[in-house]
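Content type compact mmCIF, C-alpha atoms, from the file data_27.txt:
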# COMPACT_ATOMS: atom_id res chain seq x y z
CA MET U 1 0.00 0.00 0.00
CA GLU U 2 1.09 3.57 -0.69
CA LEU U 3 1.14 5.86 2.34
CA ILE U 4 -0.35 9.13 1.09
CA SER U 5 -0.53 11.00 4.41
CA SER U 6 0.54 10.68 8.03
CA VAL U 7 -0.35 13.25 10.69
CA LYS U 8 0.64 13.19 14.35
CA CYS U 9 -2.46 12.96 16.53
CA PHE U 10 -2.50 12.46 20.33
CA ASP U 11 1.08 11.17 20.07
CA GLY U 12 -0.02 8.54 17.56
CA GLU U 13 -0.40 8.69 13.79
CA GLN U 14 -3.45 9.24 11.62
CA ARG U 15 -2.49 7.57 8.36
CA ARG U 16 -4.17 7.29 4.98
CA TYR U 17 -3.21 4.73 2.36
CA ARG U 18 -3.98 4.21 -1.31
CA HIS U 19 -3.87 0.77 -2.88
CA ARG U 20 -5.06 -1.27 -5.81
CA SER U 21 -7.83 -3.67 -4.79
CA ASN U 22 -7.87 -6.90 -6.76
CA VAL U 23 -11.21 -7.81 -5.20
CA LEU U 24 -12.92 -4.55 -6.21
CA ASP U 25 -10.87 -4.01 -9.38
CA CYS U 26 -10.21 -0.34 -8.64
CA GLU U 27 -8.07 2.03 -6.58
CA MET U 28 -9.11 2.39 -2.95
CA THR U 29 -8.19 4.47 0.08
CA VAL U 30 -8.24 3.43 3.74
CA SER U 31 -7.58 5.40 6.91
CA VAL U 32 -5.74 3.88 9.87
CA TYR U 33 -5.15 5.43 13.29
CA LEU U 34 -2.16 4.05 15.16
CA PRO U 35 -1.97 4.91 18.87
CA PRO U 36 1.38 5.81 20.46
CA GLN U 37 1.64 2.26 21.85
CA ALA U 38 2.10 0.98 18.28
CA ALA U 39 5.67 2.32 18.36
CA GLN U 40 6.44 -0.48 20.86
CA GLY U 41 4.75 -3.31 18.96
CA PRO U 42 1.47 -4.59 17.51
CA VAL U 43 -1.75 -3.20 18.99
CA PRO U 44 -5.34 -4.51 18.94
CA VAL U 45 -7.66 -3.39 16.16
CA VAL U 46 -11.14 -1.88 15.99
CA TRP U 47 -12.72 -1.67 12.54
CA PHE U 48 -15.14 1.19 11.87
CA LEU U 49 -17.53 0.85 8.92
CA ALA U 50 -19.14 4.11 7.82
CA GLY U 51 -22.62 4.78 6.45
CA LEU U 52 -24.28 5.95 3.26
CA THR U 53 -22.46 8.70 1.30
CA CYS U 54 -19.40 8.48 3.56
CA THR U 55 -15.77 7.79 2.68
CA ASP U 56 -12.91 6.48 4.82
CA GLU U 57 -12.42 10.01 6.21
CA ASN U 58 -15.79 10.98 7.73
CA PHE U 59 -15.29 9.11 10.98
CA VAL U 60 -11.63 10.14 11.15
CA ILE U 61 -12.47 13.83 10.92
CA LYS U 62 -15.76 14.05 12.83
CA ALA U 63 -15.93 11.42 15.59
CA GLY U 64 -13.08 12.54 17.86
CA ALA U 65 -12.08 8.91 18.34
CA GLN U 66 -8.30 9.34 18.27
CA ARG U 67 -8.11 10.81 21.80
CA TYR U 68 -9.74 7.69 23.26
CA ALA U 69 -7.90 5.26 20.99
CA ALA U 70 -4.59 6.77 22.08
CA GLU U 71 -5.44 6.36 25.76
CA LEU U 72 -6.64 2.78 25.26
CA GLY U 73 -3.91 1.65 22.87
CA LEU U 74 -6.29 0.77 20.04
CA ALA U 75 -5.76 1.03 16.29
CA ILE U 76 -8.80 2.04 14.24
CA ILE U 77 -9.19 0.95 10.61
CA CYS U 78 -11.68 2.91 8.50
CA PRO U 79 -12.33 1.47 5.02
CA ASP U 80 -14.21 3.32 2.30
CA THR U 81 -17.88 2.45 1.86
CA SER U 82 -17.75 1.24 -1.74
CA PRO U 83 -15.56 0.85 -4.81
CA ARG U 84 -14.78 4.15 -6.54
CA GLY U 85 -13.74 5.50 -9.92
CA ASP U 86 -14.92 6.51 -13.38
CA GLY U 87 -15.16 2.90 -14.52
CA VAL U 88 -17.22 1.80 -11.50
CA ALA U 89 -21.00 1.54 -11.80
CA ASP U 90 -22.96 4.26 -10.03
CA ASP U 91 -26.46 5.64 -9.54
CA GLU U 92 -27.81 9.17 -9.17
CA ALA U 93 -29.47 8.25 -5.86
CA TYR U 94 -27.41 8.58 -2.67
CA ASP U 95 -28.46 5.14 -1.41
CA LEU U 96 -27.20 3.04 -4.32
CA GLY U 97 -23.86 2.73 -6.09
CA GLN U 98 -20.70 4.57 -5.08
CA GLY U 99 -20.86 5.45 -1.39
CA ALA U 100 -23.49 2.76 -0.83
CA GLY U 101 -21.77 -0.62 -1.02
CA PHE U 102 -23.81 -2.18 1.83
CA TYR U 103 -20.88 -4.47 2.71
CA LEU U 104 -21.95 -7.36 0.49
CA ASN U 105 -20.84 -9.08 -2.72
CA ALA U 106 -23.12 -8.02 -5.57
CA THR U 107 -24.20 -10.72 -7.99
CA ARG U 108 -26.17 -8.69 -10.54
CA ALA U 109 -24.97 -6.49 -13.40
CA PRO U 110 -23.72 -3.82 -13.52
CA TRP U 111 -22.69 -4.08 -9.87
CA ALA U 112 -21.08 -7.52 -9.70
CA LYS U 113 -17.81 -6.51 -11.38
CA HIS U 114 -16.73 -4.11 -8.62
CA PHE U 115 -19.14 -4.23 -5.68
CA ARG U 116 -17.59 -6.96 -3.54
CA MET U 117 -17.26 -5.09 -0.28
CA TRP U 118 -17.82 -8.20 1.85
CA ASP U 119 -14.70 -9.90 0.46
CA TYR U 120 -12.78 -6.63 0.54
CA VAL U 121 -13.44 -5.96 4.23
CA THR U 122 -13.24 -9.55 5.48
CA THR U 123 -10.41 -10.94 3.34
CA GLU U 124 -8.34 -8.56 1.22
CA LEU U 125 -8.03 -5.44 3.38
CA PRO U 126 -7.10 -7.21 6.65
CA GLY U 127 -4.12 -8.75 4.91
CA LEU U 128 -2.99 -5.45 3.44
CA VAL U 129 -3.24 -3.35 6.61
CA GLY U 130 -1.87 -6.17 8.73
CA GLU U 131 1.25 -6.17 6.58
CA ALA U 132 1.60 -2.38 6.41
CA CYS U 133 0.98 -1.54 10.09
CA PRO U 134 1.97 -2.91 13.53
CA LEU U 135 -1.40 -4.53 14.27
CA ASP U 136 -2.28 -7.51 16.43
CA MET U 137 -4.71 -9.21 14.05
CA GLU U 138 -5.43 -11.87 16.67
CA ARG U 139 -7.30 -9.18 18.64
CA GLN U 140 -9.98 -7.54 16.52
CA ALA U 141 -13.34 -5.90 17.16
CA ILE U 142 -15.75 -4.24 14.75
CA MET U 143 -18.17 -1.32 14.86
CA GLY U 144 -20.08 0.91 12.45
CA HIS U 145 -22.75 3.53 11.85
CA SER U 146 -26.06 3.19 9.97
CA MET U 147 -25.25 1.20 6.78
CA GLY U 148 -21.89 0.55 8.41
CA GLY U 149 -23.64 -0.62 11.57
CA HIS U 150 -25.45 -3.12 9.36
CA GLY U 151 -22.07 -4.19 7.97
CA ALA U 152 -20.47 -4.48 11.41
CA LEU U 153 -23.32 -6.62 12.71
CA THR U 154 -23.53 -8.96 9.72
CA ILE U 155 -19.76 -9.37 9.34
CA GLY U 156 -19.27 -9.77 13.09
CA LEU U 157 -22.09 -12.29 13.43
CA THR U 158 -20.81 -14.29 10.46
CA HIS U 159 -17.22 -14.35 11.81
CA PRO U 160 -17.77 -14.78 15.57
CA GLY U 161 -14.34 -16.31 16.11
CA ARG U 162 -12.55 -13.33 14.57
CA PHE U 163 -14.11 -10.44 16.49
CA ALA U 164 -14.08 -10.13 20.27
CA ALA U 165 -16.96 -7.64 20.22
CA ILE U 166 -19.40 -5.82 17.91
CA SER U 167 -20.92 -2.39 18.38
CA ALA U 168 -23.00 -0.03 16.29
CA PHE U 169 -24.49 3.43 16.19
CA ALA U 170 -27.99 3.61 14.67
CA PRO U 171 -27.56 0.45 12.57
CA ILE U 172 -29.88 -0.82 9.84
CA VAL U 173 -30.72 -4.02 11.72
CA ALA U 174 -33.36 -5.53 9.40
CA PRO U 175 -32.53 -4.48 5.82
CA MET U 176 -34.86 -7.13 4.38
CA GLN U 177 -37.76 -5.18 5.88
CA VAL U 178 -36.88 -1.52 5.25
CA PRO U 179 -36.69 0.65 2.10
CA TRP U 180 -32.91 1.20 2.13
CA GLY U 181 -32.19 -2.50 2.37
CA ILE U 182 -34.89 -3.69 -0.03
CA LYS U 183 -33.67 -1.27 -2.71
CA ALA U 184 -30.01 -2.20 -2.28
CA PHE U 185 -30.56 -5.95 -2.00
CA THR U 186 -32.85 -6.05 -5.03
CA SER U 187 -30.32 -4.10 -7.10
CA TYR U 188 -27.19 -5.92 -5.92
CA LEU U 189 -28.50 -9.44 -5.25
CA GLY U 190 -31.72 -9.79 -7.24
CA GLU U 191 -35.30 -10.67 -6.34
CA ASP U 192 -34.56 -13.99 -4.61
CA ARG U 193 -34.85 -13.11 -0.93
CA SER U 194 -33.12 -16.31 0.15
CA SER U 195 -29.85 -14.64 -0.92
CA TRP U 196 -30.61 -11.64 1.28
CA ALA U 197 -30.75 -13.44 4.62
CA ALA U 198 -26.96 -13.64 5.09
CA HIS U 199 -26.90 -9.83 5.17
CA ASP U 200 -29.71 -9.20 7.66
CA ALA U 201 -28.67 -8.98 11.32
CA CYS U 202 -32.09 -9.89 12.68
CA GLN U 203 -32.25 -12.96 10.45
CA LEU U 204 -28.73 -13.98 11.45
CA LEU U 205 -29.63 -13.71 15.14
CA ARG U 206 -32.84 -15.66 14.56
CA ASP U 207 -30.97 -18.47 12.81
CA SER U 208 -27.82 -18.59 14.95
CA GLN U 209 -27.21 -21.54 17.24
CA ILE U 210 -23.63 -20.70 18.20
CA ASP U 211 -22.01 -18.46 20.79
CA LEU U 212 -21.78 -14.90 19.53
CA PRO U 213 -19.58 -11.95 20.50
CA PRO U 214 -21.11 -9.38 22.87
CA ILE U 215 -22.99 -6.62 21.07
CA LEU U 216 -23.53 -2.96 22.07
CA ILE U 217 -25.92 -0.73 20.14
CA ASP U 218 -26.66 2.95 20.71
CA GLN U 219 -29.73 4.40 19.02
CA GLY U 220 -30.81 8.04 19.18
CA GLU U 221 -34.47 8.55 19.99
CA ALA U 222 -34.57 11.72 17.85
CA ASP U 223 -33.17 9.91 14.79
CA ASN U 224 -35.42 10.75 11.84
CA PHE U 225 -34.60 7.39 10.21
CA LEU U 226 -35.51 5.27 13.24
CA ALA U 227 -39.12 4.37 12.49
CA GLU U 228 -38.81 3.66 8.75
CA GLN U 229 -35.22 2.58 8.04
CA LEU U 230 -33.50 1.42 11.23
CA ARG U 231 -36.20 -0.49 13.16
CA THR U 232 -34.18 -1.09 16.31
CA ASP U 233 -37.27 -2.70 17.82
CA LEU U 234 -36.90 -5.67 15.47
CA LEU U 235 -33.44 -6.44 16.81
CA GLU U 236 -34.57 -5.97 20.39
CA ALA U 237 -37.07 -8.77 19.78
CA GLU U 238 -34.19 -11.11 18.90
CA ILE U 239 -32.07 -10.56 22.04
CA ARG U 240 -33.52 -13.60 23.87
CA GLY U 241 -30.98 -13.80 26.68
CA ARG U 242 -27.92 -13.07 24.54
CA ASP U 243 -25.18 -10.62 25.51
CA ILE U 244 -26.75 -7.77 23.54
CA THR U 245 -27.20 -4.30 25.00
CA VAL U 246 -29.38 -1.73 23.22
CA ARG U 247 -29.29 1.78 24.65
CA ARG U 248 -31.94 4.27 23.57
CA GLN U 249 -30.39 7.74 23.82
CA VAL U 250 -32.95 10.49 24.37
CA GLY U 251 -32.64 13.56 22.14
CA TYR U 252 -29.86 12.26 19.87
CA ASP U 253 -30.18 12.14 16.09
CA HIS U 254 -28.41 10.23 13.29
CA SER U 255 -25.39 12.53 12.94
CA TYR U 256 -21.73 12.34 13.87
CA PHE U 257 -22.53 14.56 16.86
CA PHE U 258 -24.31 11.48 18.22
CA ILE U 259 -21.31 9.27 17.46
CA ALA U 260 -18.88 11.75 19.01
CA SER U 261 -20.97 11.80 22.19
CA PHE U 262 -20.58 8.06 22.84
CA ILE U 263 -17.50 6.94 20.89
CA GLY U 264 -15.35 7.02 24.02
CA GLU U 265 -17.69 4.59 25.77
CA HIS U 266 -17.73 2.28 22.76
CA LEU U 267 -13.96 2.18 22.45
CA ALA U 268 -13.52 1.55 26.18
CA TRP U 269 -16.08 -1.28 25.92
CA HIS U 270 -14.14 -2.78 23.00
CA ALA U 271 -10.79 -2.37 24.78
CA LYS U 272 -12.05 -4.32 27.77
CA ARG U 273 -13.09 -7.22 25.54
CA LEU U 274 -9.85 -7.07 23.57
CA GLY U 275 -7.85 -7.40 26.76
CA GLY U 276 -6.71 -3.80 26.77
Could I get this file's structure written as structure tokens?
Amino acid sequence: MELISSVKCFDGEQRRYRHRSNVLDCEMTVSVYLPPQAAQGPVPVVWFLAGLTCTDENFVIKAGAQRYAAELGLAIICPDTSPRGDGVADDEAYDLGQGAGFYLNATRAPWAKHFRMWDYVTTELPGLVGEACPLDMERQAIMGHSMGGHGALTIGLTHPGRFAAISAFAPIVAPMQVPWGIKAFTSYLGEDRSSWAAHDACQLLRDSQIDLPPILIDQGEADNFLAEQLRTDLLEAEIRGRDITVRRQVGYDHSYFFIASFIGEHLAWHAKRLGG
């Protein structure tokens, strides 16, 4: 990977890399925060998956996470939300195409050629950042926001042995039942809903018979997407004695102000489960 920027931040480094993705067949960028402890050796990793319209930089710039990551000795990896470039399929709508990868492998044209974000995040990118940075890839956790919360939940639930913990801010928990998810899944995966189930957190929880990582979800009560697109109540119905905590935060909306208000608590929660 090509290091395109490195900025000192709370005695650590906020880095940004560019690389060619063989999985996505395009150039990609990824942001990585390394805490000061990384100068002494590999540090545990928290992945952050961003939401619709975001890039790898939104969380880095807006969430204020570096202060807490530096104190806790955590690296934070922030991938982009989709393949990018002039040759990559796109749509005029904000909730489909570039900036809206939904963390799955598309199977329908014109999306299938490039939109393989599941393989990129779970297979290709871990190898690249693990080689480029002093990361302890045996200690990983994952989190995300909105569409990225959906990605964190589905990836984390599908790879329970890889991630020590999963958390999310205002995640899309039941994409098979809400407009954002139905539109994306129909476009990327086709009309056969049996192919959708692997990318629906509520369905994964309903079907799972194995031990799962602990899950923490924060949802703002003033979030204008809550009733139609997020449907936190559907996930709450699937808790059934599992180690899943859903916190309803009064007065908070869907923005990065909400994330910034609770990111310190999320990172401390992850650090505890990562052995930090």
Counting only C-alpha atoms, which residues sit no farther than 10 Å from the position (-12.9, 0.0, 9.0) in the file's frame? I'd like them as a PDB file with C-alpha atoms, in the frame of the given file.
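Final output, saved to out_33.pdb:
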ATOM      1  CA  VAL U  30      -8.240   3.430   3.740  1.00  0.00           C
ATOM      2  CA  SER U  31      -7.580   5.400   6.910  1.00  0.00           C
ATOM      3  CA  VAL U  32      -5.740   3.880   9.870  1.00  0.00           C
ATOM      4  CA  VAL U  45      -7.660  -3.390  16.160  1.00  0.00           C
ATOM      5  CA  VAL U  46     -11.140  -1.880  15.990  1.00  0.00           C
ATOM      6  CA  TRP U  47     -12.720  -1.670  12.540  1.00  0.00           C
ATOM      7  CA  PHE U  48     -15.140   1.190  11.870  1.00  0.00           C
ATOM      8  CA  LEU U  49     -17.530   0.850   8.920  1.00  0.00           C
ATOM      9  CA  ALA U  50     -19.140   4.110   7.820  1.00  0.00           C
ATOM     10  CA  ASP U  56     -12.910   6.480   4.820  1.00  0.00           C
ATOM     11  CA  PHE U  59     -15.290   9.110  10.980  1.00  0.00           C
ATOM     12  CA  ILE U  76      -8.800   2.040  14.240  1.00  0.00           C
ATOM     13  CA  ILE U  77      -9.190   0.950  10.610  1.00  0.00           C
ATOM     14  CA  CYS U  78     -11.680   2.910   8.500  1.00  0.00           C
ATOM     15  CA  PRO U  79     -12.330   1.470   5.020  1.00  0.00           C
ATOM     16  CA  ASP U  80     -14.210   3.320   2.300  1.00  0.00           C
ATOM     17  CA  THR U  81     -17.880   2.450   1.860  1.00  0.00           C
ATOM     18  CA  VAL U 121     -13.440  -5.960   4.230  1.00  0.00           C
ATOM     19  CA  LEU U 125      -8.030  -5.440   3.380  1.00  0.00           C
ATOM     20  CA  PRO U 126      -7.100  -7.210   6.650  1.00  0.00           C
ATOM     21  CA  ILE U 142     -15.750  -4.240  14.750  1.00  0.00           C
ATOM     22  CA  MET U 143     -18.170  -1.320  14.860  1.00  0.00           C
ATOM     23  CA  GLY U 144     -20.080   0.910  12.450  1.00  0.00           C
ATOM     24  CA  GLY U 148     -21.890   0.550   8.410  1.00  0.00           C
ATOM     25  CA  ALA U 152     -20.470  -4.480  11.410  1.00  0.00           C
TER      26      ALA U 152
END
Find the distance between CA of Asp136 (chain U) and CA of Gly149 (chain U) and write it in Å to one decimal. 23.0 Å
Residues of region 203-253 of chain U that have any atom at most 12 Å from an atom of region 266-274 of chain U: could you tabulate them with the shortest-distance atom pair and the distance in Å to one decimal, using all atoms listed in the file, ordered by chain and increasing number, as CSV?
residue,atom,partner,partner_atom,distance
U:Pro213,CA,U:Arg273,CA,9.5
U:Pro214,CA,U:Arg273,CA,8.7
U:Ile215,CA,U:His270,CA,9.8
U:Leu216,CA,U:His266,CA,7.8
U:Ile217,CA,U:His266,CA,9.1
U:Asp218,CA,U:His266,CA,9.2
U:Thr245,CA,U:Trp269,CA,11.6
U:Arg247,CA,U:His266,CA,11.7
Could you tell me how far CA of Val23 (chain U) lies from CA of Thr55 (chain U), in Å and to one decimal?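 It comes out at 18.1 Å.
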Neighbouring residues of Arg20 (chain U) were defined as those with any atom within 10 Å, considering all atoms listed in the file; residues of the same chain fewer than 5 positions away were excluded. Please report them as number ranges by chain. U: 1-2, 25-29
Quick one: pull the distance between CA of Gly151 (chain U) and CA of Cys133 (chain U), Å, one decimal.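 We find that CA of Gly151 (chain U) and CA of Cys133 (chain U) lie 23.3 Å from each other.
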Choose the residue, out of U:His159, U:Arg18, U:Arg231, U:Lys183, that has the smallest atom-to-atom separation from Ile210 (chain U); count all atoms listed in the file.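 Nearest candidate to Ile210 (chain U) out of U:His159, U:Arg18, U:Arg231, U:Lys183: U:His159.
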Around (-27.0, -17.8, 18.6) in the file's frame, which residues reach within 10 Å when counting only C-alpha atoms? Return as a ChimeraX atom specification? /U:157,204-213,238-242
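Distance annotation: of U:Met117, U:Leu226, U:Arg248, U:Val129, the residue with the minimal separation from Arg16 (chain U) is U:Val129; atom set is all atoms listed in the file.
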From the options U:Phe258, U:Tyr188, U:Phe10, U:Phe169, which residue's atoms come nearest to Asp90 (chain U), counting only C-alpha atoms?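 With only C-alpha atoms as the atom set, the closest residue is U:Tyr188.
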Each residue of region 182-219 of chain U lying at most 8 Å from region 98-116 of chain U should get a row with its shortest atom-to-atom pair and the distance in Å to one decimal, counting all atoms listed in the file; could you produce that, ordered by chain and increasing number, as CSV?
residue,atom,partner,partner_atom,distance
U:Ala184,CA,U:Phe102,CA,7.4
U:Ser187,CA,U:Arg108,CA,7.1
U:Tyr188,CA,U:Ala106,CA,4.6
U:Leu189,CA,U:Thr107,CA,5.3
U:Gly190,CA,U:Arg108,CA,6.5
U:His199,CA,U:Leu104,CA,7.2
Just want the 7 Å neighbourhood of Ala75 (chain U), counted on only C-alpha atoms, with same-chain residues fewer than 2 positions away dropped. Output as a list in words. Tyr33, Leu34, Pro35, Val43, Pro44, Val45, Val46, Ala69, Gly73 and Ile77 of chain U
